[in-house]
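Notes follow once the structure below has been shown.
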Amino acid sequence: MSMKVSTRQVDGITILDMSGRITLGEGSVTLRDAVRDVLAKGTKHILLNLGDITYIDSSGIGELVSAFTTVKNSGGELKLLNLTKKVHDLLQITKLYTVFDVKDDEASAIASFTK
Amino acid sequence: MADSTTSRVSFTLDSSLETVNKIEQTAELCAVRAGFDEDAVSNISMAIREAAVNAVLHGNAYDVNKSVKASFETTTESLTIRIADQGPGLDPETIPDPLAPENILRGSGRGIFLIRAFMDEVHFRQLHPGTELTLIKHRPPAQSGT
């Protein structure tokens, strides 16, 4: 199953609800394009909801990192929401868990953005 | 000496993303049949996917004239998967540490690290041209002999 992404706005934050796999040639490009589209529209506060991501490989992890740095370099913030155990474990072993701002509650995640 | 091999399957495939998916799916099937638990199956299939991506993308560079060979062997002791490409060769000693502070925000370079994290043994062999990775996961004693 390839990745699907839908976009919604809550209190000035763009939430990307993502589902499926973030892997080379599948979700990686979709994620990259989705983040670029959001930035192009002038929104710089992005919350990636990964609750329905079933699988992520090293390309997907790299794409998350690239999205994080792209948004940060644009003066914005990108945070992660609802990590599955698998994604959580992958971010732990790659030492990225502390790089990302990871949230497990949407309301508090939205409130945490600098506005 | 008795042959302890219980099953073996091998493929020669093209340098495409379909090959990556086929190798990953075959690894998952072999791991399930070998009796690994759900977490181990997930880790094995991820490691094998990373090795397949290395072969197709970094080794053969999607070259239609180059192939990828993959073999899957289950014995009473272990699951052994070999993946070989026809690329310029990969020296594992030259791969930057993705956990080093200067590399932590790189957008790539974590594949071999994940392979090593999830498999019990990882061996590189230079084929001139190409690289063969041998990935081994030992079966827990309770699962052996099936």
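Letters for chains follow the order of the structure tokens (A, B, ...), residue numbers begin at 1 for each chain, and ligand numbers begin at 1 in the order shown.
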Practice problem: Extract, using only C-alpha atoms, all DNA, RNA and protein residues at most 7 Å from Arg49 in chain B, discarding same-chain residues fewer than 6 positions from it, and format them as a PyMOL selection string. | Solution: chain B and resi 20+23-24
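Residues of chain A lying within 7 Å of chain B, counting only C-alpha atoms, are Asp57, Ser58, Ser59, Gly62, Glu63, Val65, Ser66, Thr94 and Lys95 of chain A.
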Expected file: the selected residues, N, CA and C atoms, as a tab-separated table (two decimals), in the first residue's frame:
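Below is the file that was written, result.tsv:
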```tsv
chain	number	residue	atom	x	y	z
A	57	ASP	N	10.89	3.05	5.92
A	57	ASP	CA	12.25	2.53	5.76
A	57	ASP	C	13.27	3.67	5.89
A	58	SER	N	14.53	3.40	5.59
A	58	SER	CA	15.55	4.43	5.80
A	58	SER	C	15.33	5.62	4.89
A	59	SER	N	14.78	5.38	3.70
A	59	SER	CA	14.46	6.50	2.80
A	59	SER	C	13.37	7.37	3.42
A	62	GLY	N	14.84	9.36	6.18
A	62	GLY	CA	15.59	10.46	5.59
A	62	GLY	C	14.68	11.57	5.10
A	63	GLU	N	13.53	11.18	4.58
A	63	GLU	CA	12.58	12.18	4.10
A	63	GLU	C	11.99	12.98	5.25
A	65	VAL	N	13.58	13.62	8.01
A	65	VAL	CA	14.67	14.52	8.42
A	65	VAL	C	14.77	15.70	7.45
A	66	SER	N	14.68	15.42	6.16
A	66	SER	CA	14.76	16.48	5.16
A	66	SER	C	13.61	17.47	5.31
A	94	THR	N	17.94	5.37	15.73
A	94	THR	CA	18.70	6.26	14.85
A	94	THR	C	19.03	7.59	15.54
A	95	LYS	N	18.68	7.67	16.83
A	95	LYS	CA	18.94	8.86	17.66
A	95	LYS	C	18.24	10.12	17.14
```
Kindly assemble as JSON lines a list of the range 22-54 of chain B residues that lie within 8 Å of range 120-140 of chain B, each paired with its nearest atom pair and their distance in Å to one decimal, using only C-alpha atoms, sorted first by chain and then by ascending residue number.
```
{"residue": "B:Ala34", "atom": "CA", "partner": "B:Arg139", "partner_atom": "CA", "distance": 7.6}
{"residue": "B:Gly35", "atom": "CA", "partner": "B:Arg139", "partner_atom": "CA", "distance": 7.9}
{"residue": "B:Phe36", "atom": "CA", "partner": "B:Arg139", "partner_atom": "CA", "distance": 7.1}
{"residue": "B:Ile44", "atom": "CA", "partner": "B:Lys137", "partner_atom": "CA", "distance": 7.7}
{"residue": "B:Ile48", "atom": "CA", "partner": "B:Leu135", "partner_atom": "CA", "distance": 7.8}
{"residue": "B:Ala51", "atom": "CA", "partner": "B:Leu133", "partner_atom": "CA", "distance": 7.4}
```
Could you write out the selected residues, including C-alpha atoms, as a CSV table (one decimal), in the first residue's frame?
```
chain,number,residue,atom,x,y,z
B,34,ALA,CA,10.9,-20.0,10.0
B,35,GLY,CA,8.8,-19.2,13.1
B,36,PHE,CA,10.2,-15.8,14.0
B,44,ILE,CA,14.2,-9.0,9.1
B,48,ILE,CA,16.4,-7.2,3.7
B,51,ALA,CA,19.9,-4.4,1.4
```
Practice problem: Fewer than 6 positions away in the same chain doesn't count, so skip those; otherwise give me all residues within 10 Å of Ser2 in chain A, counting only C-alpha atoms, as a ChimeraX atom specification. | Solution: /A:19-23,25-28,30,55
Quiz item: Neighbours of Glu28 in chain B within 8 Å (only C-alpha atoms; same-chain residues fewer than 2 positions away dropped), as a ChimeraX atom specification?
Solution: /B:24-26,30-32,41-42,44-45
Residues of the last selection are to be written out with N, CA and C atoms, as a short mmCIF file (atom, residue, chain, number, x, y, z; two decimals), in the first residue's frame.
```
data_model
loop_
_atom_site.label_atom_id
_atom_site.label_comp_id
_atom_site.auth_asym_id
_atom_site.auth_seq_id
_atom_site.Cartn_x
_atom_site.Cartn_y
_atom_site.Cartn_z
N GLU B 24 11.73 -8.05 -0.43
CA GLU B 24 11.19 -7.78 0.91
C GLU B 24 10.06 -8.78 1.24
N GLN B 25 9.16 -8.97 0.30
CA GLN B 25 8.02 -9.86 0.55
C GLN B 25 8.48 -11.30 0.74
N THR B 26 9.47 -11.72 -0.03
CA THR B 26 9.99 -13.08 0.10
C THR B 26 10.67 -13.26 1.45
N CYS B 30 9.64 -15.97 4.30
CA CYS B 30 10.61 -16.93 4.84
C CYS B 30 10.72 -16.79 6.36
N ALA B 31 10.71 -15.54 6.83
CA ALA B 31 10.84 -15.32 8.28
C ALA B 31 9.61 -15.85 9.03
N VAL B 32 8.45 -15.65 8.45
CA VAL B 32 7.22 -16.18 9.08
C VAL B 32 7.29 -17.70 9.12
N VAL B 41 10.10 -10.66 12.50
CA VAL B 41 9.74 -10.69 11.08
C VAL B 41 9.80 -9.29 10.49
N SER B 42 9.26 -8.34 11.22
CA SER B 42 9.27 -6.95 10.76
C SER B 42 10.70 -6.43 10.60
N ILE B 44 13.48 -8.24 10.22
CA ILE B 44 14.17 -8.96 9.13
C ILE B 44 13.75 -8.40 7.78
N SER B 45 12.45 -8.22 7.58
CA SER B 45 11.99 -7.75 6.27
C SER B 45 12.49 -6.33 6.00
#
```
Quiz item: Out of A:Leu83, A:Val38, A:Val71, A:Ala109, which residue has the shortest atom-to-atom distance to Tyr97 in chain A when counting only C-alpha atoms?
Solution: A:Leu83
Quiz prompt | For Leu90 in chain B, the nearest of the candidates B:Arg116, B:Lys22, B:His58, B:Lys69, counting only C-alpha atoms | solution = B:His58
Quiz item: What is the CA of Ser74 in chain A to CA of Ile95 in chain B distance in Å?
Solution: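 Computing the Euclidean distance for CA of Ser74 in chain A and CA of Ile95 in chain B yields 29.9 Å.
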Practice problem: Output as a PyMOL selection string all residues of range 14-53 of chain B that backbone DSSP marks as alpha helix (DSSP H). | Solution: chain B and resi 17-33+38-53
Quiz item: Among range 49-134 of chain B, which ones does DSSP place in strand (DSSP E or B), written as an NGL selection string?
Solution: :B and (67-75 or 78-84 or 121-126 or 131-134)
Just the selected residues (C-alpha atoms), exported as a PDB file, in the first residue's frame, please.
```
ATOM      1  CA  SER B  67      20.728  -7.738 -12.336  1.00  0.00           C
ATOM      2  CA  VAL B  68      20.279  -8.491  -8.652  1.00  0.00           C
ATOM      3  CA  LYS B  69      20.636 -12.005  -7.306  1.00  0.00           C
ATOM      4  CA  ALA B  70      18.844 -12.941  -4.105  1.00  0.00           C
ATOM      5  CA  SER B  71      18.803 -16.230  -2.244  1.00  0.00           C
ATOM      6  CA  PHE B  72      16.909 -17.248   0.868  1.00  0.00           C
ATOM      7  CA  GLU B  73      18.026 -20.266   2.869  1.00  0.00           C
ATOM      8  CA  THR B  74      16.391 -21.573   6.004  1.00  0.00           C
ATOM      9  CA  THR B  75      18.183 -24.135   8.114  1.00  0.00           C
ATOM     10  CA  SER B  78      19.207 -19.701  10.933  1.00  0.00           C
ATOM     11  CA  LEU B  79      17.704 -17.749   8.073  1.00  0.00           C
ATOM     12  CA  THR B  80      20.410 -16.654   5.638  1.00  0.00           C
ATOM     13  CA  ILE B  81      19.716 -14.180   2.858  1.00  0.00           C
ATOM     14  CA  ARG B  82      22.249 -13.195   0.220  1.00  0.00           C
ATOM     15  CA  ILE B  83      21.781 -10.221  -2.084  1.00  0.00           C
ATOM     16  CA  ALA B  84      24.291  -9.452  -4.814  1.00  0.00           C
ATOM     17  CA  GLU B 121      25.406 -11.244  11.231  1.00  0.00           C
ATOM     18  CA  VAL B 122      26.171  -9.068   8.209  1.00  0.00           C
ATOM     19  CA  HIS B 123      28.980  -9.907   5.802  1.00  0.00           C
ATOM     20  CA  PHE B 124      30.198  -8.028   2.748  1.00  0.00           C
ATOM     21  CA  ARG B 125      31.951  -9.737  -0.147  1.00  0.00           C
ATOM     22  CA  GLN B 126      33.435  -7.974  -3.159  1.00  0.00           C
ATOM     23  CA  THR B 131      28.927  -6.574  -3.807  1.00  0.00           C
ATOM     24  CA  GLU B 132      27.265  -9.493  -2.067  1.00  0.00           C
ATOM     25  CA  LEU B 133      25.667  -8.979   1.311  1.00  0.00           C
ATOM     26  CA  THR B 134      25.034 -12.019   3.474  1.00  0.00           C
TER      27      THR B 134
END
```
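Counting only C-alpha atoms, Val87 in chain A has the following residues at most 9 Å away, ignoring those fewer than 4 positions along the same chain: Leu50, Ile53, Thr54, Tyr55, Ile56, Ile61, Leu83, Leu91 and Gln92 of chain A.
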Could you turn the residues from that selection into a file that holds C-alpha atoms, as a PDB file, in the first residue's frame?
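Written file, part_38.pdb:
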```
ATOM      1  CA  LEU A  50       1.938   9.463  11.517  1.00  0.00           C
ATOM      2  CA  ILE A  53       1.815   4.949   8.948  1.00  0.00           C
ATOM      3  CA  THR A  54       2.269   1.200   8.844  1.00  0.00           C
ATOM      4  CA  TYR A  55       5.862   1.088   7.664  1.00  0.00           C
ATOM      5  CA  ILE A  56       8.820   3.365   7.147  1.00  0.00           C
ATOM      6  CA  ILE A  61      13.318   8.353   7.783  1.00  0.00           C
ATOM      7  CA  LEU A  83       4.046   7.652  16.332  1.00  0.00           C
ATOM      8  CA  LEU A  91      13.612   7.071  15.653  1.00  0.00           C
ATOM      9  CA  GLN A  92      15.092   5.865  18.945  1.00  0.00           C
TER      10      GLN A  92
END
```
Exercise. Measuring atom to atom with only C-alpha atoms, identify which of A:Gln9, A:Met18, A:His45, A:Leu24 is nearest to Ala52 in chain B.
Key: A:Leu24
Quiz prompt | Distance query Asp11 in chain A at most 12 Å, only C-alpha atoms, self and fewer than 4 positions along chain excluded, as a PyMOL selection string | solution = chain A and resi 15+43+45-47+106-115
Can I get the selected residues back with C-alpha atoms, as an mmCIF file, in the first residue's frame?
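File produced: result37.cif:
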```
data_model
loop_
_atom_site.group_PDB
_atom_site.id
_atom_site.type_symbol
_atom_site.label_atom_id
_atom_site.label_comp_id
_atom_site.auth_asym_id
_atom_site.auth_seq_id
_atom_site.Cartn_x
_atom_site.Cartn_y
_atom_site.Cartn_z
ATOM 1 C CA ILE A 15 -1.914 18.967 9.859
ATOM 2 C CA THR A 43 2.198 28.013 6.117
ATOM 3 C CA HIS A 45 3.663 25.353 11.143
ATOM 4 C CA ILE A 46 3.311 21.709 10.143
ATOM 5 C CA LEU A 47 2.175 18.735 12.194
ATOM 6 C CA GLU A 106 -3.245 16.635 18.840
ATOM 7 C CA ALA A 107 -4.617 19.443 20.987
ATOM 8 C CA SER A 108 -1.451 19.863 23.006
ATOM 9 C CA ALA A 109 0.622 19.529 19.842
ATOM 10 C CA ILE A 110 -1.267 22.408 18.229
ATOM 11 C CA ALA A 111 -0.934 24.502 21.376
ATOM 12 C CA SER A 112 2.836 23.897 21.458
ATOM 13 C CA PHE A 113 3.584 25.737 18.200
ATOM 14 C CA THR A 114 5.112 29.202 18.460
ATOM 15 C CA LYS A 115 2.516 31.651 17.172
#
```
Exercise. Take CA of Gly42 in chain A and CA of Asn82 in chain A and report the distance between them in Å, one decimal.
Key: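 It comes out at 24.8 Å.
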